[in-house]
Amino acid sequence: MKYTVRKALPQDFSDIDRLIHELAVFEKAPEQHTNSVQQMLEEQEYFDALVVENQEGEIVAMALYFIAYFTWVGKSLYLDDLYVREAFRHQGIGRMLIERIFEIAREENCKRLRWQVLDWNTPAVEWYKKLGANMDGSWINCDFSLEDIRKF
């Protein structure tokens with residue numbers, strides 16, 4: 001089957017939101033998926049996304065990313081999520097997305113490309129290692145939810 005990688009458009013946000021929900025279920029945290037199509041429309045200046053379409057025009061995968069700035073290296077690309085629907089895995093779609101992400105990082109003159117992976121997601125961890133990613137287990141995520149921010 002032939003697949004096409006392209007930049008996401010606002011009309012793709014409902015499909016992206018569905019993929020994000022599938023990812024949240026996969027990551028055993030569906031209740032943490034609070035984003036919405038409306039919110040993405042309102043905040044679209046803060047992120048970019050790629051989608052993968054099959055021959056029928058169905059969106060089967062996505063990669064959501066943004067430009068960040070890290071004090072040690074400067075301008076960087078942060079890949080927030082890369083997700084391929086389960087029925088479409090092991091067909092080279094993830095590879096197509098990651099290759100395009102690397103192209104964008106080069107085009108944007110980024111000094112770093114970063115993403116996170118859950119330590120229990122063994123297939124992803126092994127794939128990222130195979131790609132040559134430097135895995136650093138010494139950093140701990142520090143998060144505050146919207147409610148926590150308001151309470152602080």
# chains A, B, ... in the order shown; residues from 1 in each chain; ligands from 1

$ residues_around --residues "segment 6-11 of chain A" --least-positions-apart "5" --cutoff "6 Å" --atoms "only C-alpha atoms" --output "list of chain:residue names"
A:Ala49, A:Leu50, A:Val51

$ write_last_selection --atoms "C-alpha atoms" --output "PDB file, in the first residue's frame"
ATOM      1  CA  ALA A  49       2.086  18.297  12.659  1.00  0.00           C
ATOM      2  CA  LEU A  50       2.627  15.798   9.907  1.00  0.00           C
ATOM      3  CA  VAL A  51       0.008  13.265   8.886  1.00  0.00           C
TER       4      VAL A  51
END

$ closest_residue --among "A:Leu79, A:Ile98, A:Val37, A:Ala87" --to "His21 of chain A" --atoms "only C-alpha atoms"
A:Val37

$ residues_around --residues "Phe66 of chain A" --least-positions-apart "3" --cutoff "12 Å" --atoms "only C-alpha atoms" --output "list in words"
Glu43, Gln44, Glu45, Tyr46, Phe47, Asp48, Ala49, Leu50, Ala63, Tyr69, Lys75, Ser76, Leu77, Tyr78, Leu79, Asp80, Asp81, Ile101, Ile104, Ala105, Glu108, Cys110, Leu113, Arg114 and Trp115 of chain A

$ select_by_dssp --residues "segment 29-126 of chain A" --states "strand (DSSP E)" --output "JSON, numbers by chain"
{"A": [48, 49, 50, 51, 52, 53, 59, 60, 61, 62, 63, 64, 65, 66, 67, 68, 69, 70, 74, 75, 76, 77, 78, 79, 80, 81, 82, 83, 84, 112, 113, 114]}

$ write_last_selection --atoms "N, CA and C atoms" --output "CSV table (one decimal), in the first residue's frame"
chain,number,residue,atom,x,y,z
A,48,ASP,N,3.2,22.3,15.0
A,48,ASP,CA,3.1,21.8,13.7
A,48,ASP,C,2.8,20.3,13.7
A,49,ALA,N,2.3,19.7,12.7
A,49,ALA,CA,2.1,18.3,12.7
A,49,ALA,C,2.2,17.8,11.2
A,50,LEU,N,2.6,16.5,11.2
A,50,LEU,CA,2.6,15.8,9.9
A,50,LEU,C,1.6,14.7,10.0
A,51,VAL,N,0.9,14.4,8.9
A,51,VAL,CA,0.0,13.3,8.9
A,51,VAL,C,0.4,12.3,7.8
A,52,VAL,N,0.0,11.1,7.9
A,52,VAL,CA,0.2,10.1,6.9
A,52,VAL,C,-1.1,9.6,6.4
A,53,GLU,N,-1.3,9.7,5.1
A,53,GLU,CA,-2.6,9.2,4.5
A,53,GLU,C,-2.4,8.0,3.7
A,59,ILE,N,-6.3,9.2,7.3
A,59,ILE,CA,-5.2,9.6,8.1
A,59,ILE,C,-4.9,8.4,9.0
A,60,VAL,N,-3.7,7.8,8.9
A,60,VAL,CA,-3.4,6.6,9.7
A,60,VAL,C,-2.3,6.8,10.7
A,61,ALA,N,-1.6,8.0,10.6
A,61,ALA,CA,-0.5,8.3,11.5
A,61,ALA,C,-0.3,9.8,11.6
A,62,MET,N,0.4,10.2,12.7
A,62,MET,CA,0.7,11.6,12.8
A,62,MET,C,2.0,11.8,13.6
A,63,ALA,N,2.6,12.9,13.5
A,63,ALA,CA,3.7,13.4,14.3
A,63,ALA,C,3.5,14.8,14.6
A,64,LEU,N,3.4,15.1,15.9
A,64,LEU,CA,3.2,16.5,16.3
A,64,LEU,C,4.4,17.0,16.9
A,65,TYR,N,4.9,18.2,16.5
A,65,TYR,CA,6.2,18.8,17.0
A,65,TYR,C,6.1,20.3,17.1
A,66,PHE,N,7.1,20.8,17.7
A,66,PHE,CA,7.2,22.3,17.8
A,66,PHE,C,8.7,22.7,17.9
A,67,ILE,N,9.0,23.9,17.6
A,67,ILE,CA,10.3,24.4,17.8
A,67,ILE,C,10.4,24.9,19.3
A,68,ALA,N,11.5,24.5,19.9
A,68,ALA,CA,11.8,24.8,21.3
A,68,ALA,C,13.2,25.5,21.4
A,69,TYR,N,13.5,26.0,22.5
A,69,TYR,CA,14.8,26.6,22.7
A,69,TYR,C,15.3,26.0,24.0
A,70,PHE,N,16.5,25.3,23.9
A,70,PHE,CA,17.1,24.7,25.1
A,70,PHE,C,18.4,25.5,25.4
A,74,GLY,N,20.4,25.7,22.2
A,74,GLY,CA,19.7,26.7,21.4
A,74,GLY,C,18.5,26.1,20.7
A,75,LYS,N,18.2,26.6,19.5
A,75,LYS,CA,17.0,26.2,18.7
A,75,LYS,C,17.0,24.7,18.5
A,76,SER,N,15.8,24.1,18.8
A,76,SER,CA,15.7,22.6,18.8
A,76,SER,C,14.3,22.3,18.3
A,77,LEU,N,14.2,21.1,17.8
A,77,LEU,CA,12.8,20.5,17.4
A,77,LEU,C,12.4,19.5,18.5
A,78,TYR,N,11.3,19.7,19.0
A,78,TYR,CA,10.7,18.8,20.0
A,78,TYR,C,9.6,18.0,19.4
A,79,LEU,N,9.8,16.7,19.3
A,79,LEU,CA,8.8,15.8,18.7
A,79,LEU,C,7.9,15.3,19.9
A,80,ASP,N,6.7,15.9,20.0
A,80,ASP,CA,5.9,15.6,21.2
A,80,ASP,C,5.2,14.2,21.0
A,81,ASP,N,4.7,13.9,19.9
A,81,ASP,CA,4.2,12.6,19.7
A,81,ASP,C,4.3,12.1,18.3
A,82,LEU,N,4.6,10.8,18.1
A,82,LEU,CA,4.6,10.1,16.8
A,82,LEU,C,3.7,8.9,17.1
A,83,TYR,N,2.7,8.8,16.3
A,83,TYR,CA,1.7,7.7,16.5
A,83,TYR,C,1.3,7.1,15.2
A,84,VAL,N,1.3,5.8,15.1
A,84,VAL,CA,0.8,5.1,13.9
A,84,VAL,C,-0.3,4.2,14.5
A,112,ARG,N,19.2,20.4,18.1
A,112,ARG,CA,18.9,19.2,18.8
A,112,ARG,C,17.5,18.8,18.3
A,113,LEU,N,17.3,17.5,18.3
A,113,LEU,CA,16.0,16.9,18.1
A,113,LEU,C,15.7,16.0,19.3
A,114,ARG,N,14.6,16.3,20.0
A,114,ARG,CA,14.3,15.6,21.2
A,114,ARG,C,12.9,15.0,21.2

$ closest_residue --among "A:Lys129, A:Leu23, A:Asn54, A:Asp17" --to "Gln38 of chain A" --atoms "only C-alpha atoms"
A:Asp17

$ residues_around --residues "Gln55 of chain A" --least-positions-apart "4" --cutoff "10 Å" --atoms "only C-alpha atoms" --output "number ranges by chain"
A: 1-4, 59

$ atom_distance --atom1 "atom CA of Pro30 of chain A" --atom2 "atom CA of Asn134 of chain A"
28.5 Å

$ residues_around --residues "His33 of chain A" --least-positions-apart "5" --cutoff "9 Å" --atoms "only C-alpha atoms" --output "compact mmCIF listing (two decimals) with C-alpha atoms, in the first residue's frame"
# COMPACT_ATOMS: atom_id res chain seq x y z
CA ILE A 20 -4.13 11.48 20.17
CA HIS A 21 -6.97 9.75 22.02
CA ALA A 24 -3.64 8.16 25.32
CA VAL A 25 -5.49 4.84 25.57

$ residues_around --residues "segment 27-29 of chain A" --least-positions-apart "5" --cutoff "10 Å" --atoms "only C-alpha atoms" --output "tab-separated table (two decimals) with N, CA and C atoms, in the first residue's frame"
chain	number	residue	atom	x	y	z
A	21	HIS	N	-6.19	10.54	21.06
A	21	HIS	CA	-6.97	9.75	22.02
A	21	HIS	C	-6.54	8.28	21.98
A	22	GLU	N	-6.34	7.73	20.79
A	22	GLU	CA	-5.86	6.34	20.69
A	22	GLU	C	-4.52	6.19	21.39
A	118	LEU	N	8.01	6.28	26.78
A	118	LEU	CA	7.75	5.59	28.04
A	118	LEU	C	8.68	4.38	28.16
A	120	TRP	N	8.35	1.58	29.47
A	120	TRP	CA	7.73	0.27	29.27
A	120	TRP	C	7.34	0.00	27.81
A	121	ASN	N	7.46	0.99	26.95
A	121	ASN	CA	7.11	0.82	25.54
A	121	ASN	C	8.32	0.23	24.81

$ residues_around --residues "Ser36 of chain A" --least-positions-apart "3" --cutoff "9 Å" --atoms "only C-alpha atoms" --output "NGL selection string"
:A and (13-14 or 17 or 33 or 39-41)
